[in-house]
file data.cif (mmCIF, N, CA, C and O atoms)
data_upload
#
loop_
_atom_site.label_atom_id
_atom_site.label_comp_id
_atom_site.auth_asym_id
_atom_site.auth_seq_id
_atom_site.Cartn_x
_atom_site.Cartn_y
_atom_site.Cartn_z
N MET U 245 97.45 87.35 136.49
CA MET U 245 98.42 88.38 136.84
C MET U 245 99.55 88.29 135.82
O MET U 245 100.09 87.22 135.61
N PRO U 246 99.90 89.39 135.18
CA PRO U 246 100.96 89.33 134.17
C PRO U 246 102.35 89.09 134.79
O PRO U 246 102.59 89.40 135.95
N TRP U 247 103.21 88.53 133.95
CA TRP U 247 104.59 88.28 134.40
C TRP U 247 105.32 89.59 134.70
O TRP U 247 106.33 89.59 135.38
N SER U 248 104.80 90.70 134.25
CA SER U 248 105.43 92.00 134.52
C SER U 248 105.05 92.54 135.90
O SER U 248 105.51 93.62 136.28
N THR U 249 104.27 91.78 136.65
CA THR U 249 103.86 92.22 137.99
C THR U 249 105.08 92.34 138.90
O THR U 249 105.89 91.42 138.99
N PRO U 250 105.23 93.48 139.57
CA PRO U 250 106.37 93.64 140.48
C PRO U 250 106.11 92.99 141.84
O PRO U 250 104.98 92.86 142.28
N PHE U 251 107.20 92.56 142.47
CA PHE U 251 107.13 92.10 143.85
C PHE U 251 106.83 93.31 144.74
O PHE U 251 107.08 94.45 144.35
N ASP U 252 106.34 93.06 145.95
CA ASP U 252 106.08 94.17 146.88
C ASP U 252 107.37 94.92 147.18
O ASP U 252 107.35 96.14 147.32
N GLU U 253 108.47 94.19 147.27
CA GLU U 253 109.81 94.78 147.44
C GLU U 253 110.74 94.07 146.48
O GLU U 253 110.68 92.83 146.37
N PRO U 254 111.61 94.78 145.79
CA PRO U 254 112.57 94.12 144.90
C PRO U 254 113.45 93.14 145.68
O PRO U 254 113.68 93.30 146.88
N ILE U 255 113.94 92.14 144.98
CA ILE U 255 114.86 91.17 145.56
C ILE U 255 116.27 91.63 145.20
O ILE U 255 116.65 91.66 144.03
N ALA U 256 117.03 92.00 146.21
CA ALA U 256 118.37 92.52 145.99
C ALA U 256 119.34 91.41 145.60
O ALA U 256 119.34 90.33 146.19
N LEU U 257 120.14 91.69 144.58
CA LEU U 257 121.22 90.81 144.16
C LEU U 257 122.53 91.53 144.38
O LEU U 257 122.55 92.73 144.68
N ARG U 258 123.63 90.82 144.22
CA ARG U 258 124.93 91.50 144.36
C ARG U 258 125.06 92.61 143.33
O ARG U 258 125.62 93.66 143.60
N ARG U 259 124.54 92.34 142.15
CA ARG U 259 124.53 93.35 141.09
C ARG U 259 123.09 93.52 140.62
O ARG U 259 122.57 92.71 139.88
N GLY U 260 122.45 94.56 141.07
CA GLY U 260 121.09 94.84 140.64
C GLY U 260 120.04 94.23 141.54
O GLY U 260 120.30 93.91 142.70
N SER U 261 118.87 94.05 140.97
CA SER U 261 117.76 93.48 141.74
C SER U 261 116.75 92.86 140.78
O SER U 261 116.76 93.12 139.58
N LEU U 262 115.90 92.03 141.36
CA LEU U 262 114.79 91.42 140.61
C LEU U 262 113.53 92.14 141.05
O LEU U 262 113.17 92.11 142.22
N VAL U 263 112.88 92.79 140.12
CA VAL U 263 111.72 93.61 140.44
C VAL U 263 110.41 92.89 140.11
O VAL U 263 109.43 93.02 140.82
N THR U 264 110.39 92.12 139.03
CA THR U 264 109.15 91.50 138.55
C THR U 264 109.24 89.98 138.53
O THR U 264 110.34 89.40 138.60
N LEU U 265 108.09 89.35 138.38
CA LEU U 265 108.06 87.90 138.22
C LEU U 265 108.89 87.48 137.02
O LEU U 265 109.64 86.49 137.09
N GLN U 266 108.80 88.22 135.92
CA GLN U 266 109.54 87.88 134.71
C GLN U 266 111.05 87.95 134.94
O GLN U 266 111.79 87.08 134.48
N GLN U 267 111.51 88.97 135.65
CA GLN U 267 112.94 89.09 135.93
C GLN U 267 113.42 87.91 136.78
O GLN U 267 114.52 87.39 136.56
N ALA U 268 112.60 87.48 137.72
CA ALA U 268 112.97 86.33 138.56
C ALA U 268 113.02 85.06 137.71
O ALA U 268 113.96 84.26 137.83
N ALA U 269 112.03 84.87 136.83
CA ALA U 269 112.03 83.70 135.96
C ALA U 269 113.24 83.72 135.02
O ALA U 269 113.90 82.69 134.83
N ASP U 270 113.55 84.87 134.46
CA ASP U 270 114.71 85.00 133.57
C ASP U 270 116.00 84.68 134.32
O ASP U 270 116.90 84.05 133.76
N TYR U 271 116.10 85.12 135.56
CA TYR U 271 117.28 84.85 136.37
C TYR U 271 117.49 83.33 136.50
O TYR U 271 118.60 82.83 136.31
N ILE U 272 116.41 82.63 136.81
CA ILE U 272 116.51 81.17 136.97
C ILE U 272 116.88 80.51 135.65
O ILE U 272 117.72 79.60 135.62
N MET U 273 116.31 80.98 134.56
CA MET U 273 116.58 80.37 133.25
C MET U 273 118.03 80.58 132.80
O MET U 273 118.54 79.82 131.98
N LYS U 274 118.71 81.57 133.36
CA LYS U 274 120.11 81.81 133.03
C LYS U 274 121.07 80.97 133.86
O LYS U 274 122.27 80.92 133.57
N LEU U 275 120.56 80.29 134.88
CA LEU U 275 121.40 79.42 135.70
C LEU U 275 121.79 78.19 134.89
O LEU U 275 121.07 77.79 133.98
N PRO U 276 122.92 77.56 135.23
CA PRO U 276 123.26 76.29 134.57
C PRO U 276 122.13 75.27 134.78
O PRO U 276 121.45 75.28 135.80
N GLU U 277 121.97 74.39 133.80
CA GLU U 277 120.87 73.41 133.83
C GLU U 277 120.85 72.59 135.12
O GLU U 277 119.79 72.37 135.69
N ASP U 278 122.02 72.16 135.58
CA ASP U 278 122.04 71.35 136.80
C ASP U 278 121.58 72.15 138.02
O ASP U 278 120.91 71.63 138.91
N ALA U 279 121.89 73.44 138.06
CA ALA U 279 121.42 74.28 139.16
C ALA U 279 119.91 74.47 139.09
O ALA U 279 119.22 74.42 140.11
N GLN U 280 119.39 74.63 137.89
CA GLN U 280 117.94 74.80 137.72
C GLN U 280 117.17 73.60 138.24
O GLN U 280 116.03 73.73 138.66
N GLN U 281 117.79 72.43 138.23
CA GLN U 281 117.11 71.21 138.67
C GLN U 281 117.17 71.01 140.18
O GLN U 281 116.53 70.09 140.70
N GLU U 282 117.91 71.85 140.89
CA GLU U 282 117.97 71.74 142.35
C GLU U 282 116.60 72.05 142.93
O GLU U 282 115.87 72.92 142.43
N PRO U 283 116.22 71.34 144.01
CA PRO U 283 114.89 71.53 144.60
C PRO U 283 114.57 72.99 144.94
O PRO U 283 113.44 73.44 144.71
N ARG U 284 115.55 73.73 145.42
CA ARG U 284 115.27 75.13 145.81
C ARG U 284 114.82 75.96 144.62
O ARG U 284 113.94 76.81 144.73
N TRP U 285 115.42 75.73 143.45
CA TRP U 285 115.04 76.50 142.26
C TRP U 285 113.74 75.96 141.66
O TRP U 285 112.94 76.74 141.12
N GLN U 286 113.51 74.67 141.76
CA GLN U 286 112.25 74.11 141.29
C GLN U 286 111.07 74.66 142.10
O GLN U 286 110.02 74.97 141.54
N ILE U 287 111.26 74.79 143.39
CA ILE U 287 110.22 75.37 144.26
C ILE U 287 109.97 76.82 143.87
O ILE U 287 108.82 77.26 143.77
N ALA U 288 111.04 77.56 143.63
CA ALA U 288 110.90 78.96 143.23
C ALA U 288 110.12 79.08 141.91
O ALA U 288 109.23 79.91 141.79
N VAL U 289 110.45 78.22 140.95
CA VAL U 289 109.74 78.24 139.67
C VAL U 289 108.26 77.95 139.88
O VAL U 289 107.39 78.64 139.32
N GLU U 290 107.96 76.94 140.67
CA GLU U 290 106.57 76.58 140.94
C GLU U 290 105.81 77.76 141.53
O GLU U 290 104.68 78.07 141.13
N HIS U 291 106.43 78.45 142.47
CA HIS U 291 105.77 79.59 143.11
C HIS U 291 105.63 80.77 142.15
O HIS U 291 104.62 81.48 142.19
N LEU U 292 106.62 80.99 141.29
CA LEU U 292 106.51 82.05 140.29
C LEU U 292 105.34 81.78 139.34
O LEU U 292 104.56 82.69 139.02
N ILE U 293 105.20 80.54 138.91
CA ILE U 293 104.10 80.18 138.02
C ILE U 293 102.77 80.37 138.73
O ILE U 293 101.82 80.93 138.15
N ASN U 294 102.67 79.92 139.98
CA ASN U 294 101.43 80.10 140.73
C ASN U 294 101.08 81.58 140.88
O ASN U 294 99.91 81.95 140.78
N ALA U 295 102.10 82.40 141.11
CA ALA U 295 101.86 83.84 141.25
C ALA U 295 101.34 84.43 139.94
O ALA U 295 100.41 85.24 139.94
N ALA U 296 101.94 84.01 138.83
CA ALA U 296 101.52 84.53 137.53
C ALA U 296 100.11 84.06 137.16
O ALA U 296 99.34 84.81 136.57
N GLU U 297 99.79 82.83 137.52
CA GLU U 297 98.49 82.27 137.15
C GLU U 297 97.37 82.68 138.11
O GLU U 297 96.23 82.83 137.69
N THR U 298 97.70 82.83 139.39
CA THR U 298 96.67 83.01 140.41
C THR U 298 96.70 84.37 141.07
O THR U 298 95.66 84.92 141.43
N GLY U 299 97.90 84.92 141.26
CA GLY U 299 98.03 86.21 141.94
C GLY U 299 97.84 86.07 143.43
O GLY U 299 98.17 85.05 144.03
N GLY U 300 97.28 87.09 144.04
CA GLY U 300 97.02 87.07 145.48
C GLY U 300 98.28 86.83 146.30
O GLY U 300 99.34 87.39 146.02
N GLY U 301 98.14 85.97 147.30
CA GLY U 301 99.24 85.68 148.21
C GLY U 301 100.41 84.96 147.56
O GLY U 301 101.51 84.94 148.12
N TRP U 302 100.18 84.39 146.37
CA TRP U 302 101.27 83.69 145.70
C TRP U 302 102.43 84.62 145.36
O TRP U 302 103.58 84.18 145.26
N LEU U 303 102.16 85.88 145.18
CA LEU U 303 103.24 86.83 144.88
C LEU U 303 104.22 86.88 146.05
O LEU U 303 105.44 86.86 145.85
N MET U 304 103.70 86.91 147.26
CA MET U 304 104.56 86.92 148.45
C MET U 304 105.31 85.59 148.56
O MET U 304 106.51 85.57 148.84
N PHE U 305 104.62 84.48 148.32
CA PHE U 305 105.28 83.17 148.40
C PHE U 305 106.38 83.05 147.35
O PHE U 305 107.43 82.47 147.61
N ALA U 306 106.15 83.60 146.16
CA ALA U 306 107.16 83.56 145.11
C ALA U 306 108.40 84.36 145.53
O ALA U 306 109.53 83.92 145.31
N ARG U 307 108.19 85.50 146.12
CA ARG U 307 109.32 86.32 146.59
C ARG U 307 110.11 85.56 147.65
O ARG U 307 111.34 85.52 147.61
N ILE U 308 109.41 84.96 148.60
CA ILE U 308 110.07 84.20 149.67
C ILE U 308 110.85 83.03 149.08
O ILE U 308 111.99 82.77 149.46
N ALA U 309 110.24 82.32 148.13
CA ALA U 309 110.90 81.18 147.51
C ALA U 309 112.17 81.62 146.78
O ALA U 309 113.20 80.93 146.81
N MET U 310 112.12 82.76 146.12
CA MET U 310 113.32 83.27 145.43
C MET U 310 114.40 83.62 146.44
O MET U 310 115.56 83.30 146.24
N LEU U 311 114.02 84.29 147.52
CA LEU U 311 115.00 84.64 148.55
C LEU U 311 115.64 83.39 149.14
O LEU U 311 116.87 83.33 149.33
N ARG U 312 114.84 82.39 149.40
CA ARG U 312 115.36 81.13 149.96
C ARG U 312 116.30 80.45 148.97
O ARG U 312 117.36 79.95 149.34
N ALA U 313 115.91 80.43 147.70
CA ALA U 313 116.76 79.80 146.68
C ALA U 313 118.08 80.55 146.54
O ALA U 313 119.15 79.93 146.45
N LEU U 314 118.03 81.86 146.53
CA LEU U 314 119.25 82.67 146.41
C LEU U 314 120.18 82.46 147.60
O LEU U 314 121.39 82.55 147.46
N ASN U 315 119.59 82.21 148.76
CA ASN U 315 120.39 82.02 149.97
C ASN U 315 120.78 80.56 150.21
O ASN U 315 121.38 80.24 151.24
N GLY U 316 120.41 79.69 149.28
CA GLY U 316 120.80 78.29 149.38
C GLY U 316 119.96 77.46 150.33
O GLY U 316 120.37 76.37 150.71
N ASP U 317 118.78 77.92 150.69
CA ASP U 317 117.89 77.16 151.58
C ASP U 317 117.04 76.22 150.76
O ASP U 317 116.39 76.63 149.82
N ASP U 318 117.05 74.93 151.13
CA ASP U 318 116.16 73.96 150.46
C ASP U 318 114.88 73.83 151.22
O ASP U 318 114.74 74.14 152.34
#
call {"tool": "encode", "arguments": {"input": "data.cif", "output": "structure tokens"}}
result
Amino acid sequence: MPWSTPFDEPIALRRGSLVTLQQAADYIMKLPEDAQQEPRWQIAVEHLINAAETGGGWLMFARIAMLRALNGDD
């Protein structure tokens, strides 16, 4: 599944939204290094990679992981 694959529903941000796996990955890469190392963001990265490599249900799991990370849930 390409990184340009869109989520079933965009992930709303305060300014804009994340529509694709690539946009979500780019968002994480723009975070400060110490934030990127937090478990919530590491889980989100893992799920994004699984979605890109495997597809299927991983796309939904990646979206959920991003929402949880954005909301501060570990």
call {"tool": "resolve_selection", "arguments": {"input": "data.cif", "expression": "the PyMOL selection byres (((chain U and resi 284 and name CA) around 8) and name CA)", "output": "ChimeraX atom specification"}}
result
/U:282-283,285-288,309,312-313,316-318
call {"tool": "select_by_dssp", "arguments": {"input": "data.cif", "residues": "chain U", "states": "helix (DSSP H, G or I)", "output": "NGL selection string"}}
result
:U and (265-273 or 277-280 or 283-298 or 302-314)
call {"tool": "resolve_selection", "arguments": {"input": "data.cif", "expression": "the PyMOL selection byres ((chain U and resi 247) around 6)", "output": "MDAnalysis selection string"}}
result
chainID U and resid 245:246 248:250 264:267 296
call {"tool": "atom_distance", "arguments": {"input": "data.cif", "atom1": "atom N of Val289 of chain U", "atom2": "atom CA of Arg307 of chain U"}}
result
9.9 Å
call {"tool": "residues_near_point", "arguments": {"input": "data.cif", "point": "(118.2, 83.7, 135.2)", "cutoff": "12 Å", "atoms": "only C-alpha atoms", "output": "mmCIF file with N, CA, C and O atoms, keeping the file's coordinate frame"}}
result
data_model
loop_
_atom_site.group_PDB
_atom_site.id
_atom_site.type_symbol
_atom_site.label_atom_id
_atom_site.label_comp_id
_atom_site.auth_asym_id
_atom_site.auth_seq_id
_atom_site.Cartn_x
_atom_site.Cartn_y
_atom_site.Cartn_z
ATOM 1 N N LEU U 257 120.140 91.690 144.580
ATOM 2 C CA LEU U 257 121.220 90.810 144.160
ATOM 3 C C LEU U 257 122.530 91.530 144.380
ATOM 4 O O LEU U 257 122.550 92.730 144.680
ATOM 5 N N SER U 261 118.870 94.050 140.970
ATOM 6 C CA SER U 261 117.760 93.480 141.740
ATOM 7 C C SER U 261 116.750 92.860 140.780
ATOM 8 O O SER U 261 116.760 93.120 139.580
ATOM 9 N N LEU U 262 115.900 92.030 141.360
ATOM 10 C CA LEU U 262 114.790 91.420 140.610
ATOM 11 C C LEU U 262 113.530 92.140 141.050
ATOM 12 O O LEU U 262 113.170 92.110 142.220
ATOM 13 N N LEU U 265 108.090 89.350 138.380
ATOM 14 C CA LEU U 265 108.060 87.900 138.220
ATOM 15 C C LEU U 265 108.890 87.480 137.020
ATOM 16 O O LEU U 265 109.640 86.490 137.090
ATOM 17 N N GLN U 266 108.800 88.220 135.920
ATOM 18 C CA GLN U 266 109.540 87.880 134.710
ATOM 19 C C GLN U 266 111.050 87.950 134.940
ATOM 20 O O GLN U 266 111.790 87.080 134.480
ATOM 21 N N GLN U 267 111.510 88.970 135.650
ATOM 22 C CA GLN U 267 112.940 89.090 135.930
ATOM 23 C C GLN U 267 113.420 87.910 136.780
ATOM 24 O O GLN U 267 114.520 87.390 136.560
ATOM 25 N N ALA U 268 112.600 87.480 137.720
ATOM 26 C CA ALA U 268 112.970 86.330 138.560
ATOM 27 C C ALA U 268 113.020 85.060 137.710
ATOM 28 O O ALA U 268 113.960 84.260 137.830
ATOM 29 N N ALA U 269 112.030 84.870 136.830
ATOM 30 C CA ALA U 269 112.030 83.700 135.960
ATOM 31 C C ALA U 269 113.240 83.720 135.020
ATOM 32 O O ALA U 269 113.900 82.690 134.830
ATOM 33 N N ASP U 270 113.550 84.870 134.460
ATOM 34 C CA ASP U 270 114.710 85.000 133.570
ATOM 35 C C ASP U 270 116.000 84.680 134.320
ATOM 36 O O ASP U 270 116.900 84.050 133.760
ATOM 37 N N TYR U 271 116.100 85.120 135.560
ATOM 38 C CA TYR U 271 117.280 84.850 136.370
ATOM 39 C C TYR U 271 117.490 83.330 136.500
ATOM 40 O O TYR U 271 118.600 82.830 136.310
ATOM 41 N N ILE U 272 116.410 82.630 136.810
ATOM 42 C CA ILE U 272 116.510 81.170 136.970
ATOM 43 C C ILE U 272 116.880 80.510 135.650
ATOM 44 O O ILE U 272 117.720 79.600 135.620
ATOM 45 N N MET U 273 116.310 80.980 134.560
ATOM 46 C CA MET U 273 116.580 80.370 133.250
ATOM 47 C C MET U 273 118.030 80.580 132.800
ATOM 48 O O MET U 273 118.540 79.820 131.980
ATOM 49 N N LYS U 274 118.710 81.570 133.360
ATOM 50 C CA LYS U 274 120.110 81.810 133.030
ATOM 51 C C LYS U 274 121.070 80.970 133.860
ATOM 52 O O LYS U 274 122.270 80.920 133.570
ATOM 53 N N LEU U 275 120.560 80.290 134.880
ATOM 54 C CA LEU U 275 121.400 79.420 135.700
ATOM 55 C C LEU U 275 121.790 78.190 134.890
ATOM 56 O O LEU U 275 121.070 77.790 133.980
ATOM 57 N N PRO U 276 122.920 77.560 135.230
ATOM 58 C CA PRO U 276 123.260 76.290 134.570
ATOM 59 C C PRO U 276 122.130 75.270 134.780
ATOM 60 O O PRO U 276 121.450 75.280 135.800
ATOM 61 N N GLU U 277 121.970 74.390 133.800
ATOM 62 C CA GLU U 277 120.870 73.410 133.830
ATOM 63 C C GLU U 277 120.850 72.590 135.120
ATOM 64 O O GLU U 277 119.790 72.370 135.690
ATOM 65 N N ALA U 279 121.890 73.440 138.060
ATOM 66 C CA ALA U 279 121.420 74.280 139.160
ATOM 67 C C ALA U 279 119.910 74.470 139.090
ATOM 68 O O ALA U 279 119.220 74.420 140.110
ATOM 69 N N GLN U 280 119.390 74.630 137.890
ATOM 70 C CA GLN U 280 117.940 74.800 137.720
ATOM 71 C C GLN U 280 117.170 73.600 138.240
ATOM 72 O O GLN U 280 116.030 73.730 138.660
ATOM 73 N N TRP U 285 115.420 75.730 143.450
ATOM 74 C CA TRP U 285 115.040 76.500 142.260
ATOM 75 C C TRP U 285 113.740 75.960 141.660
ATOM 76 O O TRP U 285 112.940 76.740 141.120
ATOM 77 N N ALA U 288 111.040 77.560 143.630
ATOM 78 C CA ALA U 288 110.900 78.960 143.230
ATOM 79 C C ALA U 288 110.120 79.080 141.910
ATOM 80 O O ALA U 288 109.230 79.910 141.790
ATOM 81 N N VAL U 289 110.450 78.220 140.950
ATOM 82 C CA VAL U 289 109.740 78.240 139.670
ATOM 83 C C VAL U 289 108.260 77.950 139.880
ATOM 84 O O VAL U 289 107.390 78.640 139.320
ATOM 85 N N MET U 310 112.120 82.760 146.120
ATOM 86 C CA MET U 310 113.320 83.270 145.430
ATOM 87 C C MET U 310 114.400 83.620 146.440
ATOM 88 O O MET U 310 115.560 83.300 146.240
ATOM 89 N N LEU U 314 118.030 81.860 146.530
ATOM 90 C CA LEU U 314 119.250 82.670 146.410
ATOM 91 C C LEU U 314 120.180 82.460 147.600
ATOM 92 O O LEU U 314 121.390 82.550 147.460
#
call {"tool": "atom_distance", "arguments": {"input": "data.cif", "atom1": "atom C of Pro254 of chain U", "atom2": "atom O of Ile308 of chain U"}}
result
11.1 Å
call {"tool": "atom_distance", "arguments": {"input": "data.cif", "atom1": "atom C of Leu292 of chain U", "atom2": "atom CA of Ala306 of chain U"}}
result
6.3 Å
call {"tool": "select_by_dssp", "arguments": {"input": "data.cif", "residues": "chain U", "states": "strand (DSSP E)", "output": "list in words"}}
result
Pro250, Phe251, Asp252, Glu253, Pro254, Ile255, Ala256, Ser261, Leu262, Val263 and Thr264 of chain U
call {"tool": "residues_around", "arguments": {"input": "data.cif", "residues": "His291 of chain U", "least_positions_apart": "6", "cutoff": "6 Å", "atoms": "only N, CA, C and O atoms", "output": "NGL selection string"}}
result
:U and (302-303 or 305-306)
